[in-house]
Number of protein chains: 2
Amino acid sequence: MRITYRGDYALKTILGLASHSQSGPVTINELAKQADIPIKFLEQILLDLKRGGFVESRRGKVGGYLLARKPSEIKLGEVIKFVDGPIEPIACVGRGYKGCSDINRCVFRDIWRKVSESTNRIIDNITFEDILKKNKNLNSALVYQI
Amino acid sequence: MRITYRGDYALKTILGLASHSQSGPVTINELAKQADIPIKFLEQILLDLKRGGFVESRRGKVGGYLLARKPSEIKLGEVIKFVDGPIEPIACVGRGYKGCSDINRCVFRDIWRKVSESTNRIIDNITFEDILKKNKNLNSALVYQI
DNA sequence: GGTATACTCTACTATTATAATAGAGATTAT
DNA sequence: ATAATCTCTATTATAATAGTAGAGTATACC
């Protein structure tokens with residue numbers, strides 16, 4: 001698995017929307033500025049997230065994006081897998097793989113499967129509500145340090 | 001993390017050498033044939049593995065490659081990290097990363113760190129002796145099935 | 001109804017990593 | 001000497017990634 005910029009940006013954007021989930025829609029521009037993401041790139045990512053059912057949009061003036069579901073109902077794993085594809089460290093782990101002749105006799109495949117499973121166990125057990133809370137703690141902790 | 005062909009080939013090659021660890025050196029040609037790896041590509045990989053201290057070579061006639069250490073003393077994680085680089089799913093997890101301005105306030109980094117740790121826990125706990133045994137079981141089981 | 005503000009959609013492009021391929025050179029057993 | 005083998009450097013094709021560009025569509029508000 002490799003988290004791309006696209007995936008990283010998607011996560012940060014969902015988090016950004018989650019932190020505004022009470023107020024109205026947030027514009028692409030604001031989201032881009034907040035997370036330091038190139039605007040035109042973020043446009044594409046948001047359209048993608050919309051197709052994935054993670055966000056909704058409002059057009060025209062006073063438009064913008066908002067979460068389609070509550071932060072507590074969006075898992076980190078869902079988002080990153082939707083955007084960056086399956087999290088397997090190597091393709092042969094996936095279903096229906098035909099690339100290798102002796103796939104059923106491959107010890108390595110079992111190992112990479114275990115890696116996949118342990119990764120999934122982590123990322124599918126964190127919601128954006130969890131992340132939101134952690135984030136607030138991190139930032140307030142930093143304020144008190146100063 | 002992403003396991004490349006290079007990394008996958010390296011692991012299969014070490015396993016191939018481990019299974020011949022009693023007899024003499026094995027030629028690149030034999031190794032390539034056994035694991036279905038392009039010869040010229042394998043040449044490069046083996047030179048790399050030699051620099052990494054995993055294998056030794058004998059030149060000239062009756063030459064070839066052999067393991068530099070016992071299979072029980074080579075860990076899967078060592079090899080794959082040497083060949084494919086660090087196993088972090090995203091660069092910001094690594095030491096001395098400077099790409100992100102607010103790295104210390106990033107919740108996601110902590111998550112990817114956990115993923116890295118759980119992956120390492122798996123791959124650093126398997127030696128090529130373990131893999132060798134598992135492989136024999138897999139193959140003999142298949143024979144009995146038929 | 002015009003206009004500013006926002007999202008929507010498709011096409012294009014630069015850079016980099018990956019996965020090889022090619023060929024000449026060096027070493028050693030016989 | 002020579003055949004077999006490893007050694008080293010350069011080159012290349014393909015694909016993924018990370019954007020950039022620009023024209024189009026919808027909506028609130030005056």
# chains A, B, ... in the order shown; residues from 1 in each chain; ligands from 1
call {"tool": "closest_atom_pairs", "arguments": {"of": "chain A", "to": "chain C", "cutoff": "10 Å", "atoms": "only C-alpha atoms (C1' of nucleotides)", "output": "tab-separated table"}}
result
residue	atom	partner	partner_atom	distance
A:Thr27	CA	C:DA6	C1'	7.7
A:Ile28	CA	C:DC7	C1'	8.7
A:Asn29	CA	C:DA6	C1'	9.7
A:Glu43	CA	C:DC7	C1'	8.6
A:Gln44	CA	C:DT8	C1'	9.4
A:Leu47	CA	C:DT8	C1'	8.2
A:Ser57	CA	C:DC7	C1'	7.5
A:Arg58	CA	C:DC7	C1'	7.3
A:Arg59	CA	C:DC7	C1'	5.1
A:Gly60	CA	C:DA6	C1'	4.5
A:Lys61	CA	C:DT5	C1'	4.9
A:Val62	CA	C:DA6	C1'	7.3
A:Gly63	CA	C:DA6	C1'	5.7
A:Gly64	CA	C:DA6	C1'	7.0
A:Tyr65	CA	C:DC7	C1'	9.0
call {"tool": "closest_atom_pairs", "arguments": {"of": "chain D", "to": "chain A", "cutoff": "10 Å", "atoms": "only C-alpha atoms (C1' of nucleotides)", "output": "tab-separated table"}}
result
residue	atom	partner	partner_atom	distance
D:DT17	C1'	A:Thr4	CA	8.0
D:DA18	C1'	A:Tyr5	CA	7.7
D:DG19	C1'	A:Phe41	CA	6.5
D:DT20	C1'	A:Lys40	CA	7.5
D:DA21	C1'	A:Lys40	CA	9.2
D:DT25	C1'	A:Arg59	CA	9.2
D:DA26	C1'	A:Gly60	CA	5.6
D:DT27	C1'	A:Gly60	CA	4.1
D:DA28	C1'	A:Lys61	CA	5.4
D:DC29	C1'	A:Lys61	CA	8.8
call {"tool": "select_by_dssp", "arguments": {"residues": "segment 81-144 of chain B", "states": "alpha helix (DSSP H)", "output": "ChimeraX atom specification"}}
result
/B:81-84,107-123,128-144
call {"tool": "interface_residues", "arguments": {"of": "chain A", "to": "chain B", "cutoff": "7 Å", "atoms": "only C-alpha atoms", "output": "ChimeraX atom specification"}}
result
/A:1-3,89-90,105,107,115,118-119,122,131,134-135,138-139
call {"tool": "residues_around", "arguments": {"residues": "Glu78 of chain A", "least_positions_apart": "2", "cutoff": "10 Å", "atoms": "only C-alpha atoms (C1' of nucleotides)", "output": "mmCIF file with N, CA and C atoms, in the first residue's frame"}}
result
data_model
loop_
_atom_site.group_PDB
_atom_site.id
_atom_site.type_symbol
_atom_site.label_atom_id
_atom_site.label_comp_id
_atom_site.auth_asym_id
_atom_site.auth_seq_id
_atom_site.Cartn_x
_atom_site.Cartn_y
_atom_site.Cartn_z
ATOM 1 N N GLY A 52 -18.231 8.932 -4.526
ATOM 2 C CA GLY A 52 -18.085 7.868 -3.529
ATOM 3 C C GLY A 52 -19.091 7.964 -2.396
ATOM 4 N N PHE A 54 -19.234 10.300 -0.075
ATOM 5 C CA PHE A 54 -18.684 10.814 1.174
ATOM 6 C C PHE A 54 -19.094 12.263 1.418
ATOM 7 N N ILE A 74 -18.108 7.717 9.076
ATOM 8 C CA ILE A 74 -17.126 7.613 7.986
ATOM 9 C C ILE A 74 -15.836 7.070 8.568
ATOM 10 N N LYS A 75 -15.402 5.949 8.006
ATOM 11 C CA LYS A 75 -14.170 5.341 8.496
ATOM 12 C C LYS A 75 -12.997 5.759 7.625
ATOM 13 N N LEU A 76 -11.875 5.942 8.267
ATOM 14 C CA LEU A 76 -10.655 6.282 7.542
ATOM 15 C C LEU A 76 -10.387 5.297 6.407
ATOM 16 N N ILE A 80 -9.715 6.099 2.280
ATOM 17 C CA ILE A 80 -8.417 5.904 1.636
ATOM 18 C C ILE A 80 -8.485 4.784 0.600
ATOM 19 N N LYS A 81 -9.272 3.749 0.879
ATOM 20 C CA LYS A 81 -9.383 2.666 -0.097
ATOM 21 C C LYS A 81 -10.153 3.101 -1.327
ATOM 22 N N PHE A 82 -11.141 3.970 -1.118
ATOM 23 C CA PHE A 82 -11.888 4.473 -2.271
ATOM 24 C C PHE A 82 -10.989 5.321 -3.171
ATOM 25 N N VAL A 83 -10.188 6.146 -2.560
ATOM 26 C CA VAL A 83 -9.382 7.087 -3.331
ATOM 27 C C VAL A 83 -8.110 6.457 -3.900
ATOM 28 N N GLY A 85 -7.289 3.123 -3.846
ATOM 29 C CA GLY A 85 -7.377 1.718 -4.228
ATOM 30 C C GLY A 85 -7.048 0.795 -3.073
ATOM 31 N N PRO A 86 -7.085 -0.510 -3.321
ATOM 32 C CA PRO A 86 -6.886 -1.500 -2.266
ATOM 33 C C PRO A 86 -5.564 -1.306 -1.541
ATOM 34 N N ASN A 120 -5.786 -3.295 7.671
ATOM 35 C CA ASN A 120 -7.233 -3.063 7.643
ATOM 36 C C ASN A 120 -7.821 -2.959 9.038
ATOM 37 N N ILE A 123 -7.107 0.694 10.114
ATOM 38 C CA ILE A 123 -7.757 1.832 9.440
ATOM 39 C C ILE A 123 -9.274 1.712 9.349
ATOM 40 N N ASP A 124 -9.799 0.519 9.511
ATOM 41 C CA ASP A 124 -11.257 0.374 9.498
ATOM 42 C C ASP A 124 -11.860 0.532 10.884
ATOM 43 N N ILE A 126 -11.135 3.317 12.764
ATOM 44 C CA ILE A 126 -11.042 4.728 13.135
ATOM 45 C C ILE A 126 -12.058 5.526 12.326
ATOM 46 N N THR A 127 -12.933 6.246 13.004
ATOM 47 C CA THR A 127 -13.883 7.110 12.303
ATOM 48 C C THR A 127 -13.365 8.541 12.320
#
call {"tool": "residues_around", "arguments": {"residues": "Leu17 of chain A", "least_positions_apart": "2", "cutoff": "8 Å", "atoms": "only C-alpha atoms (C1' of nucleotides)", "output": "mmCIF file with C-alpha atoms, in the first residue's frame"}}
result
data_model
loop_
_atom_site.group_PDB
_atom_site.id
_atom_site.type_symbol
_atom_site.label_atom_id
_atom_site.label_comp_id
_atom_site.auth_asym_id
_atom_site.auth_seq_id
_atom_site.Cartn_x
_atom_site.Cartn_y
_atom_site.Cartn_z
ATOM 1 C CA THR A 13 -10.383 17.424 3.292
ATOM 2 C CA ILE A 14 -12.871 15.104 4.956
ATOM 3 C CA LEU A 15 -11.393 16.107 8.295
ATOM 4 C CA SER A 19 -14.681 20.201 11.713
ATOM 5 C CA HIS A 20 -17.215 22.470 9.965
ATOM 6 C CA SER A 21 -20.025 19.948 10.100
ATOM 7 C CA VAL A 26 -17.437 25.060 2.814
ATOM 8 C CA LEU A 31 -10.649 23.780 2.067
ATOM 9 C CA TYR A 65 -19.189 21.112 0.105
ATOM 10 C CA LEU A 66 -20.488 19.297 3.159
ATOM 11 C CA LEU A 67 -20.238 15.787 4.515
#
call {"tool": "atom_distance", "arguments": {"atom1": "atom CA of Arg69 of chain B", "atom2": "atom CA of Ile39 of chain B"}}
result
23.5 Å
call {"tool": "select_by_dssp", "arguments": {"residues": "chain B", "states": "strand (DSSP E)", "output": "ChimeraX atom specification"}}
result
/B:55-58,64-67
call {"tool": "atom_distance", "arguments": {"atom1": "atom CA of Ala10 of chain B", "atom2": "atom CA of Tyr97 of chain B"}}
result
27.9 Å
call {"tool": "closest_residue", "arguments": {"among": "A:Pro25, A:Val79, A:Ala18, A:Ser72", "to": "Asp48 of chain A", "atoms": "only C-alpha atoms"}}
result
A:Val79
